[in-house]
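Q: So here's coords-v6.pdb (PDB, C-alpha atoms).
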ATOM      1  CA  CYS A 581     -20.203  -6.583  -4.684
ATOM      2  CA  GLU A 582     -22.218  -6.000  -7.860
ATOM      3  CA  GLY A 583     -22.512  -2.273  -8.471
ATOM      4  CA  ILE A 584     -19.757  -1.509  -5.968
ATOM      5  CA  ASP A 585     -16.855  -3.310  -7.551
ATOM      6  CA  PRO A 586     -16.060  -3.009 -11.266
ATOM      7  CA  CYS A 587     -13.734  -5.984 -10.770
ATOM      8  CA  CYS A 588     -16.590  -8.372 -10.028
ATOM      9  CA  ASP A 589     -15.875 -10.429 -13.112
ATOM     10  CA  GLY A 590     -13.159 -12.251 -11.157
ATOM     11  CA  CYS A 591     -11.268  -9.234  -9.845
ATOM     12  CA  ASN A 592      -7.808  -9.894 -11.198
ATOM     13  CA  SER A 593      -8.848  -9.998 -14.856
ATOM     14  CA  LEU A 594      -9.198  -6.207 -14.969
ATOM     15  CA  GLY A 595      -5.992  -5.501 -13.061
ATOM     16  CA  CYS A 596      -7.559  -4.942  -9.681
ATOM     17  CA  TRP A 597      -8.541  -6.715  -6.474
ATOM     18  CA  PHE A 598     -11.538  -5.845  -4.325
ATOM     19  CA  ASP A 599     -11.200  -6.129  -0.547
ATOM     20  CA  ALA A 600     -14.708  -6.810   0.716
ATOM     21  CA  SER A 601     -13.699  -6.059   4.319
ATOM     22  CA  THR A 602     -12.745  -2.439   3.549
ATOM     23  CA  LEU A 603     -14.557  -1.881   0.221
ATOM     24  CA  TYR A 604     -11.216  -0.716  -1.216
ATOM     25  CA  MET A 605     -10.260  -1.622  -4.763
ATOM     26  CA  TRP A 606      -6.521  -2.202  -5.243
ATOM     27  CA  GLN A 607      -4.374  -2.203  -8.335
ATOM     28  CA  ASN A 608      -3.243  -5.799  -8.836
ATOM     29  CA  PRO A 609      -0.474  -6.410  -9.570
ATOM     30  CA  PRO A 610       1.293  -3.194  -8.550
ATOM     31  CA  SER A 611       3.239  -1.010 -10.973
ATOM     32  CA  THR A 612       5.806  -2.812 -13.069
ATOM     33  CA  GLU A 613       8.268   0.044 -12.787
ATOM     34  CA  TYR A 614       9.879   1.437  -9.680
ATOM     35  CA  LEU A 615       8.970   5.048  -8.939
ATOM     36  CA  ASP A 616      10.078   7.716  -6.505
ATOM     37  CA  TRP A 617       7.418   9.123  -4.183
ATOM     38  CA  ASP A 618       6.384  12.135  -6.297
ATOM     39  CA  SER A 619       6.192  10.007  -9.444
ATOM     40  CA  ALA A 620       4.200   7.363  -7.556
ATOM     41  CA  ALA A 621       1.546   9.897  -6.535
ATOM     42  CA  GLU A 622       1.307  11.177 -10.108
ATOM     43  CA  TYR A 623       1.170   7.619 -11.496
ATOM     44  CA  CYS A 624      -1.832   6.805  -9.278
ATOM     45  CA  GLN A 625      -3.614  10.051 -10.099
ATOM     46  CA  PHE A 626      -3.523   9.220 -13.802
ATOM     47  CA  LEU A 627      -4.073   5.454 -13.595
ATOM     48  CA  PRO A 628      -6.738   4.304 -16.093
ATOM     49  CA  LEU A 629      -7.883   0.992 -14.635
ATOM     50  CA  ALA A 630     -11.069  -1.071 -14.364
ATOM     51  CA  GLY A 631     -13.348   1.610 -15.741
ATOM     52  CA  VAL A 632     -12.577   3.941 -12.834
ATOM     53  CA  GLY A 633     -12.017   7.489 -14.045
ATOM     54  CA  LEU A 634      -8.751   9.372 -14.031
ATOM     55  CA  GLY A 635      -8.131  11.062 -10.710
ATOM     56  CA  GLU A 636     -10.170   8.470  -8.801
ATOM     57  CA  TRP A 637      -7.184   6.260  -7.954
ATOM     58  CA  HIS A 638      -4.660   7.501  -5.389
ATOM     59  CA  LEU A 639      -1.456   6.554  -3.604
ATOM     60  CA  PRO A 640      -2.734   4.909  -0.403
ATOM     61  CA  THR A 641      -2.263   6.454   2.999
ATOM     62  CA  ILE A 642      -0.326   4.344   5.486
ATOM     63  CA  GLY A 643      -3.630   3.430   7.148
ATOM     64  CA  GLU A 644      -5.072   2.218   3.845
ATOM     65  CA  LEU A 645      -1.906   0.298   2.958
ATOM     66  CA  ARG A 646      -1.823  -1.419   6.366
ATOM     67  CA  THR A 647      -5.241  -2.951   5.615
ATOM     68  CA  LEU A 648      -3.458  -5.227   3.121
ATOM     69  CA  LEU A 649      -1.324  -6.818   5.847
ATOM     70  CA  ARG A 650      -2.365 -10.339   6.826
ATOM     71  CA  GLY A 651      -0.999 -12.703   9.474
ATOM     72  CA  CYS A 652       1.091 -10.294  11.556
ATOM     73  CA  PRO A 653      -0.914  -8.967  14.502
ATOM     74  CA  ALA A 654       1.693  -6.347  15.473
ATOM     75  CA  THR A 655       1.596  -4.459  12.171
ATOM     76  CA  GLY A 656      -1.929  -5.160  10.927
ATOM     77  CA  PRO A 657      -4.416  -2.267  11.022
ATOM     78  CA  ALA A 658      -5.176  -2.638  14.753
ATOM     79  CA  GLY A 659      -1.698  -3.821  15.747
ATOM     80  CA  ALA A 660       0.811  -2.486  18.276
ATOM     81  CA  CYS A 661       2.657  -0.490  15.617
ATOM     82  CA  GLY A 662       1.356   3.013  16.250
ATOM     83  CA  VAL A 663       1.906   4.413  12.764
ATOM     84  CA  SER A 664      -1.460   5.445  11.358
ATOM     85  CA  ASP A 665      -3.082   8.236   9.399
ATOM     86  CA  ALA A 666      -3.445  10.054  12.743
ATOM     87  CA  CYS A 667       0.129   9.355  13.961
ATOM     88  CA  LEU A 668       2.974   9.840  11.478
ATOM     89  CA  ASP A 669       5.700  10.912  13.958
ATOM     90  CA  ILE A 670       8.590   8.452  13.855
ATOM     91  CA  ASP A 671       9.673   9.426  17.372
ATOM     92  CA  THR A 672       6.374   8.544  19.053
ATOM     93  CA  CYS A 673       4.498   6.146  16.754
ATOM     94  CA  ALA A 674       6.984   3.696  15.271
ATOM     95  CA  GLY A 675       7.314   1.082  18.047
ATOM     96  CA  SER A 676       6.666  -2.602  17.158
ATOM     97  CA  CYS A 677       6.605  -1.890  13.425
ATOM     98  CA  ASP A 678       8.968  -4.694  12.356
ATOM     99  CA  ALA A 679       7.594  -7.606  14.318
ATOM    100  CA  CYS A 680       7.185 -10.736  12.136
ATOM    101  CA  THR A 681       9.559 -13.336  10.735
ATOM    102  CA  ALA A 682      10.276 -12.845   7.029
ATOM    103  CA  TRP A 683       8.643 -15.093   4.452
ATOM    104  CA  THR A 684       6.264 -16.877   6.856
ATOM    105  CA  GLY A 685       3.052 -14.981   6.118
ATOM    106  CA  PRO A 686      -0.171 -16.574   4.860
ATOM    107  CA  GLY A 687       0.097 -15.256   1.297
ATOM    108  CA  THR A 688       1.826 -16.625  -1.774
ATOM    109  CA  GLY A 689       5.516 -17.275  -1.138
ATOM    110  CA  GLY A 690       5.145 -16.389   2.539
ATOM    111  CA  CYS A 691       4.051 -12.797   1.910
ATOM    112  CA  TYR A 692       2.076 -11.022   4.632
ATOM    113  CA  ARG A 693      -0.827 -10.140   2.333
ATOM    114  CA  ASP A 694      -3.828 -11.820   0.767
ATOM    115  CA  ALA A 695      -2.852 -14.633  -1.611
ATOM    116  CA  ALA A 696      -4.889 -12.953  -4.371
ATOM    117  CA  LEU A 697      -2.485 -10.005  -4.475
ATOM    118  CA  GLY A 698       0.344 -10.231  -6.950
ATOM    119  CA  GLY A 699       3.665  -8.462  -7.155
ATOM    120  CA  ASP A 700       7.152  -8.784  -5.745
ATOM    121  CA  CYS A 701       6.948  -9.549  -2.059
ATOM    122  CA  GLY A 702      10.639  -8.773  -1.532
ATOM    123  CA  GLY A 703      10.243  -5.066  -2.131
ATOM    124  CA  VAL A 704       8.236  -2.406  -0.363
ATOM    125  CA  GLU A 705       5.254  -0.300  -1.408
ATOM    126  CA  TRP A 706       4.843   3.457  -0.996
ATOM    127  CA  SER A 707       2.190   5.194   1.030
ATOM    128  CA  SER A 708       1.225   8.830   0.548
ATOM    129  CA  SER A 709       1.904   9.526   4.236
ATOM    130  CA  THR A 710       4.894  11.743   4.955
ATOM    131  CA  CYS A 711       6.955  10.877   8.017
ATOM    132  CA  THR A 712       7.226  13.576  10.698
ATOM    133  CA  GLY A 713       9.443  13.979  13.771
ATOM    134  CA  SER A 714      13.155  14.481  14.377
ATOM    135  CA  GLY A 715      14.015  11.239  12.552
ATOM    136  CA  CYS A 716      12.392  12.608   9.375
ATOM    137  CA  PRO A 717      13.635  16.177   8.966
ATOM    138  CA  GLY A 718      12.023  18.364   6.352
ATOM    139  CA  GLY A 719       9.394  15.888   5.216
ATOM    140  CA  ALA A 720      11.924  14.102   3.001
ATOM    141  CA  SER A 721      10.713  10.594   3.947
ATOM    142  CA  ALA A 722       7.419   8.743   3.569
ATOM    143  CA  TRP A 723       5.971   5.653   5.230
ATOM    144  CA  MET A 724       5.989   2.314   3.404
ATOM    145  CA  VAL A 725       5.054  -1.329   3.992
ATOM    146  CA  GLY A 726       7.296  -4.320   3.362
ATOM    147  CA  PHE A 727       5.200  -7.432   2.791
ATOM    148  CA  ALA A 728       8.040  -9.972   3.175
ATOM    149  CA  ASN A 729       8.146  -9.383   6.948
ATOM    150  CA  ALA A 730       5.072  -7.167   7.492
ATOM    151  CA  SER A 731       7.280  -4.209   8.366
ATOM    152  CA  ILE A 732       6.254  -0.583   8.431
ATOM    153  CA  GLY A 733       9.082   1.860   7.929
ATOM    154  CA  ILE A 734      10.259   4.917   6.063
ATOM    155  CA  LEU A 735      12.064   5.598   2.810
ATOM    156  CA  ASP A 736      13.642   8.738   1.446
ATOM    157  CA  LYS A 737      11.172  10.110  -1.117
ATOM    158  CA  THR A 738      13.820  10.016  -3.851
ATOM    159  CA  THR A 739      14.107   6.210  -3.532
ATOM    160  CA  SER A 740      12.354   4.238  -6.249
ATOM    161  CA  THR A 741      10.110   1.340  -5.261
ATOM    162  CA  THR A 742       6.825  -0.268  -6.258
ATOM    163  CA  VAL A 743       3.423   1.377  -6.160
ATOM    164  CA  ARG A 744       0.006  -0.155  -5.590
ATOM    165  CA  CYS A 745      -2.749   2.386  -6.131
ATOM    166  CA  VAL A 746      -6.119   2.265  -4.370
ATOM    167  CA  HIS A 747      -9.661   3.408  -5.130
ATOM    168  CA  THR A 748     -11.809   3.998  -2.056
ATOM    169  CA  PRO A 749     -15.566   4.441  -1.850
TER     170      PRO A 749
END
Take the structure from the file and write it as structure tokens.
A:
Amino acid sequence: CEGIDPCCDGCNSLGCWFDASTLYMWQNPPSTEYLDWDSAAEYCQFLPLAGVGLGEWHLPTIGELRTLLRGCPATGPAGACGVSDACLDIDTCAGSCDACTAWTGPGTGGCYRDAALGGDCGGVEWSSSTCTGSGCPGGASAWMVGFANASIGILDKTTSTTVRCVHTP
């Protein structure tokens, strides 16, 4: 990963984790404060981390955030849950999105993410993807991932939760 990943000195020492399977660099651990959706997007835009310039980090899309899921075939990137960057409609895409038993994932403490990723597994993390469809009127909700049970769901954008920013190649 030399030349690709500024975290190559051990990844977590600079506050990031490099996923060699996607070439994404993730903030690690996530934000220490809980932010609403608009504040989360702004936080990522201005994140100074690992020598990556301002504006080069972003709030992950739901497709990017799903790549962090481990050990739950239904909600992993190729799983039965139909929510993706191409399908954000809650009425047609959200089947099988809460399919695994809580706290039995392969990560630390039973989280459904890589053991190298830190942060509170009991909360959820924002995506930049706005929910569409009759169950999400007016674009007031966004998609999120809960790593305790590998769930993919929605939150009202005024809710405050954790943020894990991503830098993509």
Q: For region 734-743 of chain A, find every residue with an atom within 8 Å (counting all atoms listed in the file), except residues of its own chain fewer than 5 positions away, and show them as a list in words.
A: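 The residues satisfying every condition are Pro610, Ser611, Thr612, Glu613, Tyr614, Leu615, Asp616, Trp617, Asp618, Ala620, Leu639, Gly703, Val704, Glu705, Trp706, Cys711, Ala720, Ser721, Ala722, Trp723 and Met724 of chain A.
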Q: Of the residues A:Ala728, A:Ala674, A:Ser714, A:Ser709, which is the one nearest to His638 (chain A), using all atoms listed in the file?
A: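 Distance minimum relative to His638 (chain A) lands on A:Ser709.
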Q: Dump as a VMD selection string all residues having an atom at most 10 Å from (0.2, -14.5, -9.2), computed in the file's coordinates with only C-alpha atoms.
A: chain A and resid 592 608 to 609 688 695 to 700
Q: Please evaluate the PyMOL selection byres ((chain A and resi 684) around 12) against the structure above and give the resulting residues as a PyMOL selection string.
A: chain A and resi 650-652+679-683+685-693+701+727-730
Q: Using only C-alpha atoms, determine which residues lie at most 9 Å from Ile642 (chain A), disregarding the query and same-chain residues fewer than 3 positions distant; provide the list as a PDB file with C-alpha atoms, in the frame of the given file.
A:
ATOM      1  CA  LEU A 645      -1.906   0.298   2.958  1.00  0.00           C
ATOM      2  CA  ARG A 646      -1.823  -1.419   6.366  1.00  0.00           C
ATOM      3  CA  THR A 647      -5.241  -2.951   5.615  1.00  0.00           C
ATOM      4  CA  VAL A 663       1.906   4.413  12.764  1.00  0.00           C
ATOM      5  CA  SER A 664      -1.460   5.445  11.358  1.00  0.00           C
ATOM      6  CA  ASP A 665      -3.082   8.236   9.399  1.00  0.00           C
ATOM      7  CA  LEU A 668       2.974   9.840  11.478  1.00  0.00           C
ATOM      8  CA  TRP A 706       4.843   3.457  -0.996  1.00  0.00           C
ATOM      9  CA  SER A 707       2.190   5.194   1.030  1.00  0.00           C
ATOM     10  CA  SER A 708       1.225   8.830   0.548  1.00  0.00           C
ATOM     11  CA  SER A 709       1.904   9.526   4.236  1.00  0.00           C
ATOM     12  CA  TRP A 723       5.971   5.653   5.230  1.00  0.00           C
ATOM     13  CA  MET A 724       5.989   2.314   3.404  1.00  0.00           C
ATOM     14  CA  VAL A 725       5.054  -1.329   3.992  1.00  0.00           C
ATOM     15  CA  ILE A 732       6.254  -0.583   8.431  1.00  0.00           C
TER      16      ILE A 732
END
